[in-house]
Number of protein chains: 2
Amino acid sequence: MNNLMAVAEAIKKARRPLLCGHVMPDGDSLGSVLALGLGLRLLGKEVTIVSSDPIPDLYHFLPGVETVIVGKVPEGRYDLLVAVDCSVPERLGSALEAFVNNGLPVAVIDHHVNDQPFGHYNYVRAEAAATGEIIMDLLDLLQVPLNLDLAINLYTAIVTDTGSFRYENTTAETHARTARLLACGIPVSRLSNQIFGEQPLVSLRLLEVALGTLAVSHCGQIAWMSISREQIKSVGAGDQHIEGLINYPRKIKGVELAIVFRELDEQRVKVSFRSKYRVDVNLLAKKFGGGGHVRASGCTIEGRLEQVKELVLKEAKELFRGDSHGRHS
Amino acid sequence: MNNLMAVAEAIKKARRPLLCGHVMPDGDSLGSVLALGLGLRLLGKEVTIVSSDPIPDLYHFLPGVETVIVGKVPEGRYDLLVAVDCSVPERLGSALEAFVNNGLPVAVIDHHVNDQPFGHYNYVRAEAAATGEIIMDLLDLLQVPLNLDLAINLYTAIVTDTGSFRYENTTAETHARTARLLACGIPVSRLSNQIFGEQPLVSLRLLEVALGTLAVSHCGQIAWMSISREQIKSVGAGDQHIEGLINYPRKIKGVELAIVFRELDEQRVKVSFRSKYRVDVNLLAKKFGGGGHVRASGCTIEGRLEQVKELVLKEAKELFRGDSHGRHS
């Protein structure tokens with residue numbers, strides 16, 4: 001049952017909702033959960049927002065971010081868990097996963113392709129550019145009037161998941177919603193600088209190291225980088241510095257499929273995929289137990305870095321067999 | 001008289017309009033003039049579009065661009081000159097300037113601040129993010145229905161002049177108009193890639209080498225990179241690959257002044273400066289016989305790479321003396 005109205009009704013009835021996004025929170029996850037949290041507080045609800053992972057510095061400007069509890073769920077009598085931008089319980093992280101299948105009703109609001117969402121109430125709209133778009137509709141249904149704090153969170157959700165309105169997921173509806181958000185008085189250029197403009201020195205150190213591993217396939221259509229734990233440690237980088245790296249192989253002229261391999265530990269590698277026009281990277285990630293979107297996806301694979309690279313690249317190259325001239329089939 | 005209706009009326013009456021944008025045409029100038037030109041052709045008018053300067057390769061994808069005549073105005077009995085995105089006649093360029101004050105009625109449509117536009121019919125809206133926004137309103141007035149070719153031109157005008165909706169000029173109206181354009185079927189990610197996205201592999205190879213030289217001053221406010229001829233040669237890069245490099249040190253959190261040193265030959269170094277908020281790099285470059293703008297400037301200095309670095313950094317550090325805590329004074 002894919003019903004935003006049912007989700008809205010469940011939320012309306014809840015008095016002490018527990019809200020959360022996914023591990024390694026990004027702009028859409030945080031902006032969505034905060035907008036929903038602030039909105040529900042305006043309705044007088046006792047809202048608890050929890051993130052399993054710390055909030056990246058980049059997003060410390062988001063209104064309401066100071067109310068997010070990191071790493072554990074405080075004692076309390078919750079009557080609804082609302083999982084935002086999260087397709088599987090595992091993505092909630094260790095602090096929250098236990099709350100699923102624990103008697104607590106669960107509502108899922110998401111935009112990742114997913115046939116079997118894990119909530120009692122589910123709303124998944126894969127065509128939404130960001131979960132923030134759905135939260136905006138939900139707040140409308142709940143008759144929460146937009147204000148600047150809500151708008152900044154929703155704008156951040158949308159602008160980060162659309163790469164500043166450049167990705168394929170951007171629709172007329174995305175711009176129409178953003179028009180409403182800007183009408184609340186969003187300081188566009190200040191937010192853009194905050195979100196896209198600056199980066200810590202360590203990100204550039206990591207970029208240098210990552211570029212040292214950049215390789216392009218014989219056909220010119222696959223580009224990849226791989227980062228070992230040793231390399232991450234050598235420059236003093238953290239999880240939050242890795243996120244944007246995949247844009248570099250993706251940007252290369254003629255490249256259709258970009259991949260970043262990241263060693264999590266000696267036995268696991270996180271693999272991120274991006275495609276430009278035609279490769280369905282959701283399908284590709286699914287082959288390895290992951291998922292995501294058609295143009296952006298990921299998975300975690302057991303094995304050593306070099307083994308995983310070999311395995312994934314073999315599968316990736318299969319996609320371009322008989323297509324060695326860089327033409328779109 | 002600032003009247004879009006009057007401009008629309010003048011255009012309605014014209015049968016053989018001559019359309020033009022400004023010299024060194026950019027996305028807004030080209031997108032605007034092409035959208036207007038295609039629109040007026042739909043109304044059955046005999047439209048001539050002229051550009052004094054050549055069209056950059058980047059914009060060769062624009063629908064109708066093949067009908068632009070470059071460098072001269074063909075013989076013809078024109079009945080209206082429409083100057084788009086151009087605040088003074090000199091900006092029309094040598095091929096067109098002579099047509100002003102030559103008996104031909106002139107209509108000016110622009111978004112640059114300007115108290116005295118040069119047309120007989122003028123419409124200047126400084127609050128418009130792009131002239132393309134005004135052209136969209138004008139086409140509405142002229143009852144030209146939007147189609148995909150018009151939309152691609154108008155979208156390009158808007159997306160380039162707003163830096164992908166990130167600059168201060170972006171308004172709710174900008175997004176509302178863009179929503180209408182996307183509804184015509186704009187291939188967002190393909191256009192974004194064409195306009196902003198792609199770079200050759202060699203640019204990333206050069207970036208890696210340049211990042212290897214990245215250094216930050218003790219105070220954290222000056223960051224620089226230096227590129228030797230040997231390094232440029234080692235990756236097979238050319239002049240066109242070097243231009244954007246200065247954005248990397250500029251992006252570092254806390255950095256106010258970014259510098260790139262580039263060895264031209266054994267005796268000369270090109271130095272580029274960028275500042276974020278307060279250092280006047282035009283003054284700084286002038287000390288070394290160069291110049292530019294307050295936030296972007298450059299100079300060429302005689303000497304060996306290491307000598308020039310030492311000289312310039314000494315001068316740069318002087319600017320931050322007594323300000324060692326990274327605070328803006």
# chains A, B, ... in the order shown; residues from 1 in each chain; ligands from 1

$ calpha_fit_and_write --fixed "chain B" --moving "chain A" --output "JSON list (two decimals) with C-alpha atoms, in the first residue's frame"
[["chain", "number", "residue", "atom", "x", "y", "z"],
["A", 1, "MET", "CA", 17.90, 54.84, -18.51],
["A", 2, "ASN", "CA", 17.41, 51.30, -17.32],
["A", 3, "ASN", "CA", 14.21, 50.22, -18.95],
["A", 4, "LEU", "CA", 13.29, 46.74, -20.10],
["A", 5, "MET", "CA", 10.11, 48.06, -21.69],
["A", 6, "ALA", "CA", 12.13, 50.46, -23.88],
["A", 7, "VAL", "CA", 14.41, 47.59, -24.90],
["A", 8, "ALA", "CA", 11.34, 45.50, -25.72],
["A", 9, "GLU", "CA", 9.88, 48.33, -27.83],
["A", 10, "ALA", "CA", 13.14, 48.75, -29.76],
["A", 11, "ILE", "CA", 13.24, 45.02, -30.43],
["A", 12, "LYS", "CA", 9.57, 44.97, -31.45],
["A", 13, "LYS", "CA", 10.27, 47.59, -34.11],
["A", 14, "ALA", "CA", 13.40, 45.89, -35.45],
["A", 15, "ARG", "CA", 12.93, 43.66, -38.49],
["A", 16, "ARG", "CA", 16.50, 42.45, -39.02],
["A", 17, "PRO", "CA", 18.13, 42.33, -35.59],
["A", 18, "LEU", "CA", 21.74, 41.25, -35.13],
["A", 19, "LEU", "CA", 22.16, 39.34, -31.86],
["A", 20, "CYS", "CA", 25.34, 38.53, -29.99],
["A", 21, "GLY", "CA", 26.75, 37.51, -26.62],
["A", 22, "HIS", "CA", 30.27, 37.84, -25.32],
["A", 23, "VAL", "CA", 33.65, 36.39, -26.29],
["A", 24, "MET", "CA", 34.48, 32.97, -24.90],
["A", 25, "PRO", "CA", 30.76, 32.24, -24.74],
["A", 26, "ASP", "CA", 29.42, 30.46, -21.66],
["A", 27, "GLY", "CA", 26.07, 28.88, -20.84],
["A", 28, "ASP", "CA", 24.36, 32.12, -19.87],
["A", 29, "SER", "CA", 25.61, 34.07, -22.88],
["A", 30, "LEU", "CA", 24.70, 31.33, -25.36],
["A", 31, "GLY", "CA", 21.45, 30.23, -23.74],
["A", 32, "SER", "CA", 20.30, 33.86, -23.51],
["A", 33, "VAL", "CA", 21.17, 34.85, -27.05],
["A", 34, "LEU", "CA", 19.68, 31.65, -28.48],
["A", 35, "ALA", "CA", 16.44, 31.93, -26.50],
["A", 36, "LEU", "CA", 16.07, 35.51, -27.65],
["A", 37, "GLY", "CA", 16.95, 34.60, -31.23],
["A", 38, "LEU", "CA", 14.49, 31.67, -31.38],
["A", 39, "GLY", "CA", 11.83, 33.83, -29.75],
["A", 40, "LEU", "CA", 12.26, 36.67, -32.23],
["A", 41, "ARG", "CA", 12.14, 34.23, -35.13],
["A", 42, "LEU", "CA", 8.76, 33.08, -33.79],
["A", 43, "LEU", "CA", 7.69, 36.73, -34.14],
["A", 44, "GLY", "CA", 8.72, 36.58, -37.82],
["A", 45, "LYS", "CA", 11.90, 38.59, -37.52],
["A", 46, "GLU", "CA", 14.93, 37.95, -39.70],
["A", 47, "VAL", "CA", 17.40, 37.18, -36.91],
["A", 48, "THR", "CA", 21.16, 36.90, -37.34],
["A", 49, "ILE", "CA", 23.12, 35.52, -34.39],
["A", 50, "VAL", "CA", 26.89, 36.00, -34.36],
["A", 51, "SER", "CA", 29.57, 34.87, -31.93],
["A", 52, "SER", "CA", 33.10, 36.22, -32.22],
["A", 53, "ASP", "CA", 34.46, 33.04, -30.65],
["A", 54, "PRO", "CA", 33.61, 29.42, -31.43],
["A", 55, "ILE", "CA", 30.90, 27.64, -29.46],
["A", 56, "PRO", "CA", 32.40, 25.17, -26.94],
["A", 57, "ASP", "CA", 31.50, 21.54, -27.76],
["A", 58, "LEU", "CA", 29.72, 21.34, -24.42],
["A", 59, "TYR", "CA", 26.98, 23.63, -25.74],
["A", 60, "HIS", "CA", 26.44, 22.03, -29.13],
["A", 61, "PHE", "CA", 23.23, 20.49, -27.78],
["A", 62, "LEU", "CA", 21.50, 23.86, -27.39],
["A", 63, "PRO", "CA", 18.48, 24.23, -29.68],
["A", 64, "GLY", "CA", 19.24, 26.71, -32.45],
["A", 65, "VAL", "CA", 23.01, 26.61, -31.91],
["A", 66, "GLU", "CA", 23.47, 25.52, -35.55],
["A", 67, "THR", "CA", 22.21, 28.95, -36.65],
["A", 68, "VAL", "CA", 25.01, 30.85, -34.87],
["A", 69, "ILE", "CA", 27.53, 32.37, -37.28],
["A", 70, "VAL", "CA", 31.04, 32.27, -35.83],
["A", 71, "GLY", "CA", 33.83, 34.78, -36.32],
["A", 72, "LYS", "CA", 32.30, 37.27, -38.73],
["A", 73, "VAL", "CA", 29.14, 39.28, -39.30],
["A", 74, "PRO", "CA", 27.63, 38.44, -42.69],
["A", 75, "GLU", "CA", 26.77, 41.30, -45.07],
["A", 76, "GLY", "CA", 23.29, 42.54, -44.39],
["A", 77, "ARG", "CA", 21.07, 45.50, -43.59],
["A", 78, "TYR", "CA", 20.66, 45.18, -39.83],
["A", 79, "ASP", "CA", 18.43, 47.61, -37.98],
["A", 80, "LEU", "CA", 19.35, 46.78, -34.35],
["A", 81, "LEU", "CA", 22.29, 45.23, -32.55],
["A", 82, "VAL", "CA", 21.21, 43.38, -29.40],
["A", 83, "ALA", "CA", 24.18, 42.71, -27.11],
["A", 84, "VAL", "CA", 23.40, 40.12, -24.45],
["A", 85, "ASP", "CA", 25.29, 39.37, -21.20],
["A", 86, "CYS", "CA", 28.01, 41.81, -22.19],
["A", 87, "SER", "CA", 29.02, 44.86, -20.14],
["A", 88, "VAL", "CA", 31.55, 46.55, -22.47],
["A", 89, "PRO", "CA", 31.86, 46.65, -26.29],
["A", 90, "GLU", "CA", 35.28, 44.96, -26.10],
["A", 91, "ARG", "CA", 33.60, 41.83, -24.73],
["A", 92, "LEU", "CA", 31.68, 41.46, -27.99],
["A", 93, "GLY", "CA", 34.93, 40.44, -29.65],
["A", 94, "SER", "CA", 36.65, 41.50, -32.83],
["A", 95, "ALA", "CA", 33.89, 40.42, -35.21],
["A", 96, "LEU", "CA", 31.31, 42.67, -33.54],
["A", 97, "GLU", "CA", 33.02, 45.53, -31.74],
["A", 98, "ALA", "CA", 33.07, 47.62, -34.95],
["A", 99, "PHE", "CA", 29.27, 47.53, -35.08],
["A", 100, "VAL", "CA", 29.05, 49.66, -31.95],
["A", 101, "ASN", "CA", 29.31, 53.43, -32.67],
["A", 102, "ASN", "CA", 28.66, 52.70, -36.30],
["A", 103, "GLY", "CA", 25.22, 54.23, -36.71],
["A", 104, "LEU", "CA", 23.40, 51.00, -35.83],
["A", 105, "PRO", "CA", 21.13, 51.34, -32.79],
["A", 106, "VAL", "CA", 22.34, 49.16, -29.92],
["A", 107, "ALA", "CA", 20.31, 47.47, -27.17],
["A", 108, "VAL", "CA", 22.13, 46.04, -24.17],
["A", 109, "ILE", "CA", 20.63, 43.35, -21.90],
["A", 110, "ASP", "CA", 22.88, 42.32, -19.07],
["A", 111, "HIS", "CA", 23.22, 41.35, -15.41],
["A", 112, "HIS", "CA", 26.78, 42.49, -14.75],
["A", 113, "VAL", "CA", 27.22, 45.45, -12.41],
["A", 114, "ASN", "CA", 27.57, 48.40, -14.78],
["A", 115, "ASP", "CA", 26.78, 52.09, -14.31],
["A", 116, "GLN", "CA", 27.37, 53.01, -17.93],
["A", 117, "PRO", "CA", 26.09, 50.40, -20.33],
["A", 118, "PHE", "CA", 27.03, 51.14, -23.93],
["A", 119, "GLY", "CA", 23.66, 50.81, -25.67],
["A", 120, "HIS", "CA", 21.10, 53.31, -26.91],
["A", 121, "TYR", "CA", 18.61, 51.12, -25.07],
["A", 122, "ASN", "CA", 19.85, 49.47, -21.91],
["A", 123, "TYR", "CA", 18.55, 47.09, -19.35],
["A", 124, "VAL", "CA", 20.96, 45.96, -16.66],
["A", 125, "ARG", "CA", 19.67, 44.05, -13.65],
["A", 126, "ALA", "CA", 22.60, 43.10, -11.47],
["A", 127, "GLU", "CA", 20.32, 41.15, -9.11],
["A", 128, "ALA", "CA", 19.38, 38.72, -11.87],
["A", 129, "ALA", "CA", 21.18, 35.43, -11.32],
["A", 130, "ALA", "CA", 21.63, 35.09, -15.07],
["A", 131, "THR", "CA", 20.94, 37.21, -18.12],
["A", 132, "GLY", "CA", 18.67, 34.30, -19.04],
["A", 133, "GLU", "CA", 16.27, 35.44, -16.30],
["A", 134, "ILE", "CA", 15.97, 38.85, -17.95],
["A", 135, "ILE", "CA", 15.50, 37.28, -21.40],
["A", 136, "MET", "CA", 12.62, 35.28, -19.92],
["A", 137, "ASP", "CA", 10.96, 38.49, -18.73],
["A", 138, "LEU", "CA", 11.65, 40.12, -22.08],
["A", 139, "LEU", "CA", 10.03, 37.23, -23.97],
["A", 140, "ASP", "CA", 7.02, 37.60, -21.67],
["A", 141, "LEU", "CA", 6.85, 41.31, -22.54],
["A", 142, "LEU", "CA", 7.10, 40.44, -26.23],
["A", 143, "GLN", "CA", 4.33, 37.87, -25.70],
["A", 144, "VAL", "CA", 6.41, 35.01, -27.03],
["A", 145, "PRO", "CA", 4.98, 31.83, -25.50],
["A", 146, "LEU", "CA", 7.58, 29.51, -23.93],
["A", 147, "ASN", "CA", 8.28, 26.24, -25.70],
["A", 148, "LEU", "CA", 10.75, 23.42, -24.99],
["A", 149, "ASP", "CA", 13.53, 24.83, -27.21],
["A", 150, "LEU", "CA", 13.33, 28.23, -25.54],
["A", 151, "ALA", "CA", 13.12, 26.57, -22.11],
["A", 152, "ILE", "CA", 16.24, 24.43, -22.67],
["A", 153, "ASN", "CA", 18.24, 27.54, -23.59],
["A", 154, "LEU", "CA", 16.93, 29.58, -20.67],
["A", 155, "TYR", "CA", 17.40, 26.70, -18.23],
["A", 156, "THR", "CA", 21.01, 26.26, -19.41],
["A", 157, "ALA", "CA", 21.61, 29.99, -18.94],
["A", 158, "ILE", "CA", 20.28, 29.87, -15.39],
["A", 159, "VAL", "CA", 21.72, 26.54, -14.26],
["A", 160, "THR", "CA", 25.25, 27.41, -15.44],
["A", 161, "ASP", "CA", 25.37, 30.92, -13.97],
["A", 162, "THR", "CA", 24.01, 29.73, -10.62],
["A", 163, "GLY", "CA", 26.22, 26.62, -10.44],
["A", 164, "SER", "CA", 23.10, 24.47, -10.34],
["A", 165, "PHE", "CA", 21.29, 26.85, -7.95],
["A", 166, "ARG", "CA", 24.13, 26.87, -5.43],
["A", 167, "TYR", "CA", 25.58, 30.36, -5.79],
["A", 168, "GLU", "CA", 24.54, 33.39, -3.77],
["A", 169, "ASN", "CA", 22.86, 34.95, -6.82],
["A", 170, "THR", "CA", 20.14, 32.28, -6.70],
["A", 171, "THR", "CA", 16.85, 33.80, -5.53],
["A", 172, "ALA", "CA", 13.26, 32.76, -4.98],
["A", 173, "GLU", "CA", 12.59, 34.34, -8.39],
["A", 174, "THR", "CA", 15.24, 32.12, -9.96],
["A", 175, "HIS", "CA", 13.44, 29.01, -8.72],
["A", 176, "ALA", "CA", 10.02, 30.40, -9.65],
["A", 177, "ARG", "CA", 11.23, 31.01, -13.21],
["A", 178, "THR", "CA", 12.87, 27.59, -13.35],
["A", 179, "ALA", "CA", 9.59, 26.00, -12.28],
["A", 180, "ARG", "CA", 7.99, 27.52, -15.38],
["A", 181, "LEU", "CA", 10.82, 26.20, -17.56],
["A", 182, "LEU", "CA", 10.54, 22.67, -16.18],
["A", 183, "ALA", "CA", 6.80, 22.74, -16.86],
["A", 184, "CYS", "CA", 7.77, 22.92, -20.58],
["A", 185, "GLY", "CA", 9.16, 19.39, -20.26],
["A", 186, "ILE", "CA", 12.88, 19.88, -19.67],
["A", 187, "PRO", "CA", 14.75, 16.55, -19.39],
["A", 188, "VAL", "CA", 16.53, 17.58, -16.18],
["A", 189, "SER", "CA", 18.90, 14.69, -15.63],
["A", 190, "ARG", "CA", 19.95, 14.41, -19.29],
["A", 191, "LEU", "CA", 20.73, 18.15, -19.41],
["A", 192, "SER", "CA", 22.57, 17.99, -16.09],
["A", 193, "ASN", "CA", 24.77, 15.19, -17.40],
["A", 194, "GLN", "CA", 25.42, 17.16, -20.54],
["A", 195, "ILE", "CA", 26.26, 20.37, -18.70],
["A", 196, "PHE", "CA", 27.97, 19.13, -15.55],
["A", 197, "GLY", "CA", 28.57, 15.45, -15.98],
["A", 198, "GLU", "CA", 31.20, 14.76, -18.57],
["A", 199, "GLN", "CA", 34.51, 16.27, -19.47],
["A", 200, "PRO", "CA", 37.15, 15.44, -22.05],
["A", 201, "LEU", "CA", 40.33, 13.73, -20.91],
["A", 202, "VAL", "CA", 42.29, 16.87, -21.70],
["A", 203, "SER", "CA", 40.42, 18.76, -18.95],
["A", 204, "LEU", "CA", 41.74, 16.30, -16.38],
["A", 205, "ARG", "CA", 45.26, 16.58, -17.82],
["A", 206, "LEU", "CA", 45.00, 20.34, -17.46],
["A", 207, "LEU", "CA", 43.59, 19.98, -13.95],
["A", 208, "GLU", "CA", 46.61, 17.90, -12.96],
["A", 209, "VAL", "CA", 48.97, 20.55, -14.29],
["A", 210, "ALA", "CA", 47.00, 23.35, -12.63],
["A", 211, "LEU", "CA", 46.89, 21.53, -9.27],
["A", 212, "GLY", "CA", 50.66, 21.38, -9.45],
["A", 213, "THR", "CA", 50.64, 25.19, -9.14],
["A", 214, "LEU", "CA", 48.04, 25.36, -6.36],
["A", 215, "ALA", "CA", 49.16, 27.51, -3.46],
["A", 216, "VAL", "CA", 47.45, 28.77, -0.33],
["A", 217, "SER", "CA", 48.30, 31.97, 1.51],
["A", 218, "HIS", "CA", 49.79, 31.94, 4.97],
["A", 219, "CYS", "CA", 46.42, 32.97, 6.43],
["A", 220, "GLY", "CA", 44.67, 30.11, 4.63],
["A", 221, "GLN", "CA", 42.09, 32.40, 3.07],
["A", 222, "ILE", "CA", 43.54, 32.93, -0.41],
["A", 223, "ALA", "CA", 44.21, 30.07, -2.81],
["A", 224, "TRP", "CA", 45.46, 30.39, -6.37],
["A", 225, "MET", "CA", 46.62, 28.46, -9.39],
["A", 226, "SER", "CA", 48.47, 29.74, -12.43],
["A", 227, "ILE", "CA", 48.60, 28.29, -15.90],
["A", 228, "SER", "CA", 51.21, 29.23, -18.46],
["A", 229, "ARG", "CA", 50.74, 29.04, -22.20],
["A", 230, "GLU", "CA", 53.41, 26.35, -22.20],
["A", 231, "GLN", "CA", 51.38, 24.24, -19.78],
["A", 232, "ILE", "CA", 48.16, 24.66, -21.74],
["A", 233, "LYS", "CA", 50.02, 23.68, -24.89],
["A", 234, "SER", "CA", 51.73, 20.71, -23.25],
["A", 235, "VAL", "CA", 48.39, 18.99, -22.58],
["A", 236, "GLY", "CA", 46.73, 20.19, -25.79],
["A", 237, "ALA", "CA", 44.04, 22.17, -23.94],
["A", 238, "GLY", "CA", 41.94, 25.06, -25.26],
["A", 239, "ASP", "CA", 40.10, 28.00, -23.74],
["A", 240, "GLN", "CA", 37.01, 25.94, -22.99],
["A", 241, "HIS", "CA", 38.93, 23.59, -20.69],
["A", 242, "ILE", "CA", 40.06, 26.33, -18.35],
["A", 243, "GLU", "CA", 36.71, 27.73, -17.25],
["A", 244, "GLY", "CA", 35.87, 25.42, -14.34],
["A", 245, "LEU", "CA", 39.37, 25.26, -12.85],
["A", 246, "ILE", "CA", 38.75, 28.07, -10.38],
["A", 247, "ASN", "CA", 36.27, 25.89, -8.52],
["A", 248, "TYR", "CA", 39.14, 23.81, -7.14],
["A", 249, "PRO", "CA", 40.91, 26.50, -5.09],
["A", 250, "ARG", "CA", 37.47, 27.90, -4.25],
["A", 251, "LYS", "CA", 36.41, 24.57, -2.74],
["A", 252, "ILE", "CA", 39.21, 24.45, -0.19],
["A", 253, "LYS", "CA", 37.97, 24.62, 3.36],
["A", 254, "GLY", "CA", 38.73, 28.00, 4.91],
["A", 255, "VAL", "CA", 39.50, 29.71, 1.61],
["A", 256, "GLU", "CA", 37.56, 32.94, 1.04],
["A", 257, "LEU", "CA", 39.22, 34.18, -2.15],
["A", 258, "ALA", "CA", 40.21, 31.98, -5.12],
["A", 259, "ILE", "CA", 42.31, 33.24, -8.02],
["A", 260, "VAL", "CA", 43.36, 31.70, -11.33],
["A", 261, "PHE", "CA", 46.12, 33.33, -13.37],
["A", 262, "ARG", "CA", 46.22, 32.41, -17.00],
["A", 263, "GLU", "CA", 48.95, 33.54, -19.35],
["A", 264, "LEU", "CA", 47.36, 34.81, -22.59],
["A", 265, "ASP", "CA", 50.67, 35.75, -24.19],
["A", 266, "GLU", "CA", 54.03, 37.09, -23.08],
["A", 267, "GLN", "CA", 52.54, 40.43, -22.17],
["A", 268, "ARG", "CA", 49.05, 39.67, -20.85],
["A", 269, "VAL", "CA", 47.56, 37.59, -18.07],
["A", 270, "LYS", "CA", 43.89, 36.85, -17.54],
["A", 271, "VAL", "CA", 42.98, 36.82, -13.86],
["A", 272, "SER", "CA", 39.77, 35.26, -12.51],
["A", 273, "PHE", "CA", 38.48, 35.85, -9.00],
["A", 274, "ARG", "CA", 35.89, 34.02, -6.89],
["A", 275, "SER", "CA", 34.94, 34.72, -3.30],
["A", 276, "LYS", "CA", 32.75, 32.80, -0.90],
["A", 277, "TYR", "CA", 31.15, 35.12, 1.61],
["A", 278, "ARG", "CA", 32.54, 38.60, 1.99],
["A", 279, "VAL", "CA", 35.29, 39.76, -0.36],
["A", 280, "ASP", "CA", 33.87, 41.98, -3.13],
["A", 281, "VAL", "CA", 35.81, 40.63, -6.10],
["A", 282, "ASN", "CA", 34.10, 43.07, -8.45],
["A", 283, "LEU", "CA", 35.92, 45.85, -6.60],
["A", 284, "LEU", "CA", 39.15, 43.85, -6.65],
["A", 285, "ALA", "CA", 38.94, 43.28, -10.42],
["A", 286, "LYS", "CA", 38.10, 46.94, -10.99],
["A", 287, "LYS", "CA", 41.44, 47.92, -9.47],
["A", 288, "PHE", "CA", 42.99, 46.20, -12.48],
["A", 289, "GLY", "CA", 40.57, 47.50, -15.09],
["A", 290, "GLY", "CA", 38.20, 44.52, -15.00],
["A", 291, "GLY", "CA", 34.90, 43.83, -13.32],
["A", 292, "GLY", "CA", 32.03, 41.38, -12.95],
["A", 293, "HIS", "CA", 30.06, 40.40, -9.89],
["A", 294, "VAL", "CA", 30.57, 40.56, -6.14],
["A", 295, "ARG", "CA", 31.45, 36.84, -5.97],
["A", 296, "ALA", "CA", 32.85, 36.28, -9.48],
["A", 297, "SER", "CA", 34.93, 38.65, -11.55],
["A", 298, "GLY", "CA", 37.94, 38.92, -13.79],
["A", 299, "CYS", "CA", 40.41, 41.19, -15.50],
["A", 300, "THR", "CA", 43.24, 41.12, -18.00],
["A", 301, "ILE", "CA", 46.52, 42.61, -16.82],
["A", 302, "GLU", "CA", 49.55, 43.54, -18.89],
["A", 303, "GLY", "CA", 52.77, 42.01, -17.72],
["A", 304, "ARG", "CA", 54.52, 38.69, -17.36],
["A", 305, "LEU", "CA", 52.85, 35.89, -15.45],
["A", 306, "GLU", "CA", 55.11, 36.09, -12.39],
["A", 307, "GLN", "CA", 54.87, 39.91, -12.22],
["A", 308, "VAL", "CA", 51.09, 39.85, -12.47],
["A", 309, "LYS", "CA", 50.84, 37.18, -9.79],
["A", 310, "GLU", "CA", 52.98, 39.23, -7.45],
["A", 311, "LEU", "CA", 50.98, 42.39, -8.13],
["A", 312, "VAL", "CA", 47.56, 40.79, -7.66],
["A", 313, "LEU", "CA", 48.49, 38.68, -4.65],
["A", 314, "LYS", "CA", 49.88, 41.76, -2.90],
["A", 315, "GLU", "CA", 46.58, 43.53, -3.44],
["A", 316, "ALA", "CA", 44.59, 40.44, -2.42],
["A", 317, "LYS", "CA", 46.57, 39.95, 0.77],
["A", 318, "GLU", "CA", 45.85, 43.56, 1.72],
["A", 319, "LEU", "CA", 42.19, 42.55, 1.99],
["A", 320, "PHE", "CA", 43.02, 40.09, 4.74],
["A", 321, "ARG", "CA", 45.45, 42.20, 6.73],
["A", 322, "GLY", "CA", 44.86, 42.01, 10.46],
["A", 323, "ASP", "CA", 42.52, 39.10, 9.81],
["A", 324, "SER", "CA", 44.94, 36.22, 10.08],
["A", 325, "HIS", "CA", 42.68, 33.88, 11.98],
["A", 326, "GLY", "CA", 40.37, 33.14, 9.12],
["A", 327, "ARG", "CA", 37.49, 34.93, 10.83],
["A", 328, "HIS", "CA", 34.97, 36.92, 8.88],
["A", 329, "SER", "CA", 35.15, 40.56, 9.80]]

$ select_by_dssp --residues "stretch 134-300 of chain A" --states "helix (DSSP H, G or I)" --output "ChimeraX atom specification"
/A:134-141,148-161,172-182,188-197,201-211,229-235,239-241,243-251,281-286
